[in-house]
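The structure under discussion appears below in the form of structure tokens.
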Amino acid sequence: MQDFDLLIVGAGPVGCVIAERAAYLMGWRSLIVDKRKHIAGNCHDRYHDNGVLIHSYGPHYFRTNNPRLLGYLSRFTSWIPSNYLVKSQVNGKLYPFPINLTTLEMFFDRKLDEVSAKALLEELAVPNQNPANSEEYVLSRVGEKLYRAFYLGYTQKQWGMHPSKLAASVCGRIPVRLNRDERYVDHGNQVMPAHGYTRLFETMIDHELIHVMLQTDFADIRGIFRPRIGTVYCGPLDQYFSCQYGKLGWRSLEFEFRDFQKEFVQPCVQINYPNDFDYTRSVEIKHVTAQRHPETVLSYEYPRAQGDPYYPIPSAESAQLHNRYNLLAEREQAENDVFFAGRLAKYRYLNMDEAMESALANFEQICARHGINVEALQGH
Ligand code: FAD
Ligand code: UDP
């Protein structure tokens with residue numbers, strides 16, 4: 001059995017970034033284990049039976065405001081421009097979503113400009129300087145009618161909970177615009193890896209000092225490997241501690257893939273269904289992968305209480321339990337050099353860019369414990 005400097009649990013973006021930095025900057029040897037059959041974590045993409053490139057775990061739209069992160073990732077991929085356009089189906093009509101000037105004009109059936117739209121929203125909004133939950137947040141931005149049409153049903157379906165029970169940050173992710181910008185998110189850089197995410201991460205960890213064992217659960221190898229520097233754990237936080245205080249709540253999804261013998265079925269990559277169907281959204285990822293293919297695939301997302309952990313539940317109860325596990329994690333890091341990284345171990349909803357930024361910070365932390373200043377090595 002080889003000696004390893006790092007044992008990394010999870011071959012998702014976070015595990016891959018830490019292994020790459022460790023190999024490239026420090027010459028450290030890493031063993032990455034993942035219980036799935038593939039690398040790239042939830043960013044994994046693959047070819048469907050009909051040859052169409054699909055995202056295995058929901059649509060992944062890369063965006064970042066951090067040019068350094070973009071520069072770092074550009075070592076492993078080239079990029080194509082993105083078009084993250086989403087529509088919401090309400091009363092049989094497709095509206096631009098997030099809500100923008102066009103949405104307001106269509107919904108209220110009148111011509112508006114930025115000034116009159118602002119006045120309209122002020123009239124509709126339920127004033128609240130400090131919204132305590134997602135319902136109060138949305139009401140304070142757009143008022144009752146738009147809340148009921150675009151948010152209430154979707155949020156209830158997605159979370160199995162009323163928006164008044166969810167943190168304001170859940171619906172706070174969605175902007176409201178007074179212009180005609182139809183992009184889903186506001187970030188300065190919105191691009192897609194030219195050959196997909198799996199290829200990006202394969203290239204990232206293609207290094208003689210990085211070894212990968214797939215279909216290997218941490219539980220089955222725990223204690224077997226004794227890494228020289230430490231363990232990076234990217235699995236669920238509670239599971240590391242055998243759920244001794246109880247389980248942290250996660251919302252899951254089931255994905256249904258349907259193929260069609262047509263080039264395109266939808267007008268844009270994503271359609272949200274706040275009030276129709278059991279699924280929340282249908283995704284035709286070909287719109288953003290830019291693959292040219294005579295056929296297409298749509299994925300439909302059904303929210304579930306059980307299954308793979310996708311979304312930490314942002315409620316007061318889970319925050320309390322999370323704090324208790326965090327104390328155990330801090331002790332484990334101090335005593336046994338186990339570093340908890342990524343969205344499962346942090347129990348935080350992190351977009352890819354945030355997850356990888358946090359991985360770079362974790363790597364600096366690991367080095368700092370060994371008296372190494374990574375800043376001095378950066379740029380290599
Ligand atoms: P993950 O990608 O979850 O990887 C963790 C890995 O650890 C997994 O491969 C898992 O199998 C492995 N693992 C867990 N437990 C064990 C164990 N016990 N033993 C061995 N291996 C284990 N981000 C965006 O920026 N844009 C988007 O559009 C976007 N859309 C998303 C849509 C959905 C439906 C979801 C769920 C997420 C989305 N994200 C998006 C977020 C993105 O997926 C994450 O930021 C990213 O995957 C986090 O990387 P990670 O390495 O922390 O975790
Ligand atoms: N949301 C909504 N209506 C929509 C889309 C989103 O009410 O049409 C709410 C819902 O509560 C969701 C949150 O806004 O969980 C964040 O949406 P986003 O699309 O960012 O969710 P993700 O892509 O992370 O699933």
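For the structure tokens, the naming scheme is as follows: chains receive sequential letters (A, B, ...) according to their order of presentation, residues are indexed from 1 within each chain, and ligands are indexed from 1 in presentation order.
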
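The binding environment of ligand 2, defined as every protein, DNA or RNA residue with an atom no more than 7 Å away and counting only C-alpha atoms and all ligand atoms, comprises Ser88, Phe97, Phe150, Tyr151, Leu152, Tyr154, Thr155, Gln158, Trp159, Val170, Cys171, Arg173, Ile174, Asn272, Tyr273 and Pro274 of chain A.
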
Determine, counting only C-alpha atoms, which protein, DNA and RNA residues have an atom within 8 Å of an atom of Lys165 of chain A; residues of the same chain fewer than 6 positions away are not included. Present the result as a short mmCIF file (atom, residue, chain, number, x, y, z; two decimals) with C-alpha atoms, in the first residue's frame.
```cif
data_model
loop_
_atom_site.label_atom_id
_atom_site.label_comp_id
_atom_site.auth_asym_id
_atom_site.auth_seq_id
_atom_site.Cartn_x
_atom_site.Cartn_y
_atom_site.Cartn_z
CA ASN A 133 -38.34 34.39 5.98
CA SER A 134 -38.77 33.72 2.23
CA SER A 315 -34.51 26.19 9.00
#
```

- Message: My list of candidates is A:Tyr245, A:Tyr24, A:Tyr349, A:Tyr300. Which is closest to ligand 1 when distances are computed with only C-alpha atoms and all ligand atoms?
- Response: A:Tyr349

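Here the DSSP assignment of strand (DSSP E), based on backbone atoms, applies within segment 287-343 of chain A to Thr296, Val297, Leu298, Ser299, Tyr300, Glu301, Tyr302, Pro303, Arg304, Tyr311, Pro312, Val338, Phe339 and Phe340 of chain A.
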
N, CA and C atoms of the current selection, written as a PDB file, in the first residue's frame:
```
ATOM      1  N   THR A 296     -32.727  15.277 -28.829  1.00  0.00           N
ATOM      2  CA  THR A 296     -32.551  16.043 -27.598  1.00  0.00           C
ATOM      3  C   THR A 296     -33.001  15.226 -26.387  1.00  0.00           C
ATOM      4  N   VAL A 297     -32.655  15.711 -25.187  1.00  0.00           N
ATOM      5  CA  VAL A 297     -33.065  15.057 -23.935  1.00  0.00           C
ATOM      6  C   VAL A 297     -33.552  16.139 -22.976  1.00  0.00           C
ATOM      7  N   LEU A 298     -34.687  15.867 -22.339  1.00  0.00           N
ATOM      8  CA  LEU A 298     -35.161  16.777 -21.284  1.00  0.00           C
ATOM      9  C   LEU A 298     -35.078  16.058 -19.944  1.00  0.00           C
ATOM     10  N   SER A 299     -34.706  16.788 -18.892  1.00  0.00           N
ATOM     11  CA  SER A 299     -34.757  16.179 -17.560  1.00  0.00           C
ATOM     12  C   SER A 299     -35.812  16.918 -16.746  1.00  0.00           C
ATOM     13  N   TYR A 300     -36.518  16.125 -15.952  1.00  0.00           N
ATOM     14  CA  TYR A 300     -37.603  16.658 -15.117  1.00  0.00           C
ATOM     15  C   TYR A 300     -37.208  16.402 -13.666  1.00  0.00           C
ATOM     16  N   GLU A 301     -37.348  17.426 -12.808  1.00  0.00           N
ATOM     17  CA  GLU A 301     -36.896  17.298 -11.410  1.00  0.00           C
ATOM     18  C   GLU A 301     -38.070  17.176 -10.455  1.00  0.00           C
ATOM     19  N   TYR A 302     -38.075  16.047  -9.748  1.00  0.00           N
ATOM     20  CA  TYR A 302     -39.124  15.801  -8.749  1.00  0.00           C
ATOM     21  C   TYR A 302     -38.506  15.925  -7.359  1.00  0.00           C
ATOM     22  N   PRO A 303     -38.890  16.924  -6.569  1.00  0.00           N
ATOM     23  CA  PRO A 303     -38.351  17.047  -5.210  1.00  0.00           C
ATOM     24  C   PRO A 303     -38.779  15.861  -4.342  1.00  0.00           C
ATOM     25  N   ARG A 304     -37.855  15.421  -3.490  1.00  0.00           N
ATOM     26  CA  ARG A 304     -38.121  14.258  -2.635  1.00  0.00           C
ATOM     27  C   ARG A 304     -37.604  14.512  -1.212  1.00  0.00           C
ATOM     28  N   TYR A 311     -29.935  19.618  -1.108  1.00  0.00           N
ATOM     29  CA  TYR A 311     -30.094  20.972  -0.563  1.00  0.00           C
ATOM     30  C   TYR A 311     -30.198  20.896   0.958  1.00  0.00           C
ATOM     31  N   PRO A 312     -29.250  21.528   1.699  1.00  0.00           N
ATOM     32  CA  PRO A 312     -29.432  21.595   3.151  1.00  0.00           C
ATOM     33  C   PRO A 312     -30.702  22.383   3.455  1.00  0.00           C
ATOM     34  N   VAL A 338      -8.308  16.390  10.393  1.00  0.00           N
ATOM     35  CA  VAL A 338      -9.381  16.125   9.429  1.00  0.00           C
ATOM     36  C   VAL A 338     -10.005  17.469   9.065  1.00  0.00           C
ATOM     37  N   PHE A 339      -9.982  17.790   7.781  1.00  0.00           N
ATOM     38  CA  PHE A 339     -10.498  19.086   7.312  1.00  0.00           C
ATOM     39  C   PHE A 339     -11.833  18.850   6.625  1.00  0.00           C
ATOM     40  N   PHE A 340     -12.851  19.564   7.048  1.00  0.00           N
ATOM     41  CA  PHE A 340     -14.203  19.380   6.503  1.00  0.00           C
ATOM     42  C   PHE A 340     -14.409  20.419   5.395  1.00  0.00           C
TER      43      PHE A 340
END
```

With only C-alpha atoms as the counted atoms, please give the residues lying no more than 12 Å from Phe363 of chain A, apart from itself and same-chain residues fewer than 4 positions off, as a PDB file with C-alpha atoms, in the first residue's frame.
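To be explicit, this is the file written out as selection.pdb:
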```
ATOM      1  CA  LEU A   6      -3.685  13.449   1.783  1.00  0.00           C
ATOM      2  CA  ILE A   8      -9.547  13.027   0.155  1.00  0.00           C
ATOM      3  CA  VAL A  14     -13.756  20.478  -3.963  1.00  0.00           C
ATOM      4  CA  GLY A  15     -11.840  17.202  -3.664  1.00  0.00           C
ATOM      5  CA  CYS A  16     -10.401  17.622  -7.169  1.00  0.00           C
ATOM      6  CA  VAL A  17      -9.236  21.224  -6.567  1.00  0.00           C
ATOM      7  CA  ILE A  18      -7.510  20.306  -3.300  1.00  0.00           C
ATOM      8  CA  ALA A  19      -5.783  17.263  -4.857  1.00  0.00           C
ATOM      9  CA  GLU A  20      -4.613  19.340  -7.840  1.00  0.00           C
ATOM     10  CA  ARG A  21      -3.227  22.174  -5.715  1.00  0.00           C
ATOM     11  CA  ALA A  22      -1.532  19.701  -3.360  1.00  0.00           C
ATOM     12  CA  ALA A  23       0.159  17.888  -6.252  1.00  0.00           C
ATOM     13  CA  LEU A  25       2.201  23.333  -5.552  1.00  0.00           C
ATOM     14  CA  MET A  26       3.436  20.977  -2.825  1.00  0.00           C
ATOM     15  CA  TRP A  28       1.943  15.941  -2.190  1.00  0.00           C
ATOM     16  CA  ILE A 229      -0.608  15.442   6.221  1.00  0.00           C
ATOM     17  CA  GLY A 230      -4.309  14.912   6.818  1.00  0.00           C
ATOM     18  CA  THR A 231      -7.752  13.909   5.619  1.00  0.00           C
ATOM     19  CA  VAL A 232     -10.042  16.157   3.590  1.00  0.00           C
ATOM     20  CA  PHE A 339     -10.498  19.086   7.312  1.00  0.00           C
ATOM     21  CA  PHE A 340     -14.203  19.380   6.503  1.00  0.00           C
ATOM     22  CA  ALA A 341     -14.698  20.855   3.036  1.00  0.00           C
ATOM     23  CA  GLY A 342     -17.358  21.357   0.384  1.00  0.00           C
ATOM     24  CA  MET A 356     -14.099  25.849  -5.357  1.00  0.00           C
ATOM     25  CA  GLU A 357     -13.149  29.139  -3.706  1.00  0.00           C
ATOM     26  CA  SER A 358     -13.743  27.464  -0.349  1.00  0.00           C
ATOM     27  CA  ALA A 359     -11.572  24.519  -1.504  1.00  0.00           C
ATOM     28  CA  CYS A 367      -0.683  24.316   4.388  1.00  0.00           C
ATOM     29  CA  ALA A 368      -0.754  26.936   7.153  1.00  0.00           C
ATOM     30  CA  ARG A 369      -0.921  24.155   9.734  1.00  0.00           C
ATOM     31  CA  HIS A 370       2.378  22.961   8.347  1.00  0.00           C
ATOM     32  CA  ILE A 372       3.638  26.841   4.600  1.00  0.00           C
ATOM     33  CA  ASN A 373       2.482  30.139   3.131  1.00  0.00           C
ATOM     34  CA  VAL A 374       0.547  29.275  -0.032  1.00  0.00           C
ATOM     35  CA  GLU A 375       0.270  32.917  -1.107  1.00  0.00           C
ATOM     36  CA  GLN A 378       0.580  31.082  -5.912  1.00  0.00           C
TER      37      GLN A 378
END
```

- Kindly provide, as a ChimeraX atom specification, all nucleotide and amino acid residues lying within 7 Å of ligand 1, counting only C-alpha atoms and all ligand atoms. /A:9-15,33-36,39-43,57-63,216-219,234-236,310-311,341-344,350-355

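The list of residues with at least one atom within 12 Å of Ala119 of chain A, based on only C-alpha atoms and without residues fewer than 6 positions apart in the same chain, reads Leu104, Leu112, Asp113, Ala125, Arg141, Val142 and Leu178 of chain A.
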
Output all heavy atoms of each residue in that selection to a file, as a short mmCIF file (atom, residue, chain, number, x, y, z; two decimals), in the first residue's frame.
```cif
data_model
loop_
_atom_site.label_atom_id
_atom_site.label_comp_id
_atom_site.auth_asym_id
_atom_site.auth_seq_id
_atom_site.Cartn_x
_atom_site.Cartn_y
_atom_site.Cartn_z
N LEU A 104 -43.36 41.78 -16.06
CA LEU A 104 -44.37 42.66 -15.45
C LEU A 104 -45.37 43.13 -16.51
O LEU A 104 -46.58 43.14 -16.27
CB LEU A 104 -43.69 43.86 -14.78
CG LEU A 104 -42.83 43.52 -13.54
CD1 LEU A 104 -42.03 44.74 -13.10
CD2 LEU A 104 -43.69 43.00 -12.40
N LEU A 112 -44.83 49.25 -19.77
CA LEU A 112 -44.12 49.82 -18.62
C LEU A 112 -42.72 50.23 -19.03
O LEU A 112 -42.17 49.69 -19.99
CB LEU A 112 -44.00 48.78 -17.50
CG LEU A 112 -45.29 48.36 -16.78
CD1 LEU A 112 -45.06 47.07 -16.00
CD2 LEU A 112 -45.76 49.46 -15.83
N ASP A 113 -42.15 51.18 -18.29
CA ASP A 113 -40.72 51.44 -18.41
C ASP A 113 -40.15 51.33 -17.00
O ASP A 113 -40.88 51.03 -16.05
CB ASP A 113 -40.44 52.80 -19.05
CG ASP A 113 -41.06 53.93 -18.26
OD1 ASP A 113 -41.41 53.73 -17.08
OD2 ASP A 113 -41.22 55.03 -18.83
N ALA A 125 -45.73 46.01 -3.27
CA ALA A 125 -44.91 45.39 -2.21
C ALA A 125 -45.51 45.61 -0.83
O ALA A 125 -46.19 46.60 -0.57
CB ALA A 125 -43.51 45.99 -2.27
N ARG A 141 -40.64 42.47 -1.91
CA ARG A 141 -40.08 42.88 -3.20
C ARG A 141 -41.15 43.06 -4.28
O ARG A 141 -41.09 43.98 -5.06
CB ARG A 141 -39.06 41.83 -3.72
CG ARG A 141 -37.90 41.54 -2.80
CD ARG A 141 -36.98 42.73 -2.61
NE ARG A 141 -36.42 43.28 -3.85
CZ ARG A 141 -35.36 42.81 -4.48
NH1 ARG A 141 -34.70 41.77 -3.99
NH2 ARG A 141 -34.92 43.38 -5.58
N VAL A 142 -42.13 42.10 -4.32
CA VAL A 142 -43.06 42.12 -5.47
C VAL A 142 -44.54 42.05 -5.10
O VAL A 142 -45.40 42.12 -5.99
CB VAL A 142 -42.73 40.96 -6.46
CG1 VAL A 142 -41.34 41.09 -7.02
CG2 VAL A 142 -42.93 39.59 -5.81
N LEU A 178 -35.68 45.58 -13.15
CA LEU A 178 -36.52 46.61 -13.77
C LEU A 178 -36.07 46.88 -15.20
O LEU A 178 -36.49 47.85 -15.83
CB LEU A 178 -36.46 47.90 -12.95
CG LEU A 178 -37.06 47.76 -11.54
CD1 LEU A 178 -36.86 49.03 -10.75
CD2 LEU A 178 -38.54 47.40 -11.63
#
```

- Message: Restricting the calculation to only C-alpha atoms: of A:Asn50, A:Asn189, A:Thr102, A:Ser30, which residue gets closest to Arg68 of chain A?
- Response: A:Asn189

- Item | Which residue of A:Gly160, A:Leu214, A:Ala361, A:Cys243 approaches Thr280 of chain A most closely, using only C-alpha atoms |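 Of A:Gly160, A:Leu214, A:Ala361, A:Cys243, the one nearest Thr280 of chain A, counting only C-alpha atoms, is A:Gly160.
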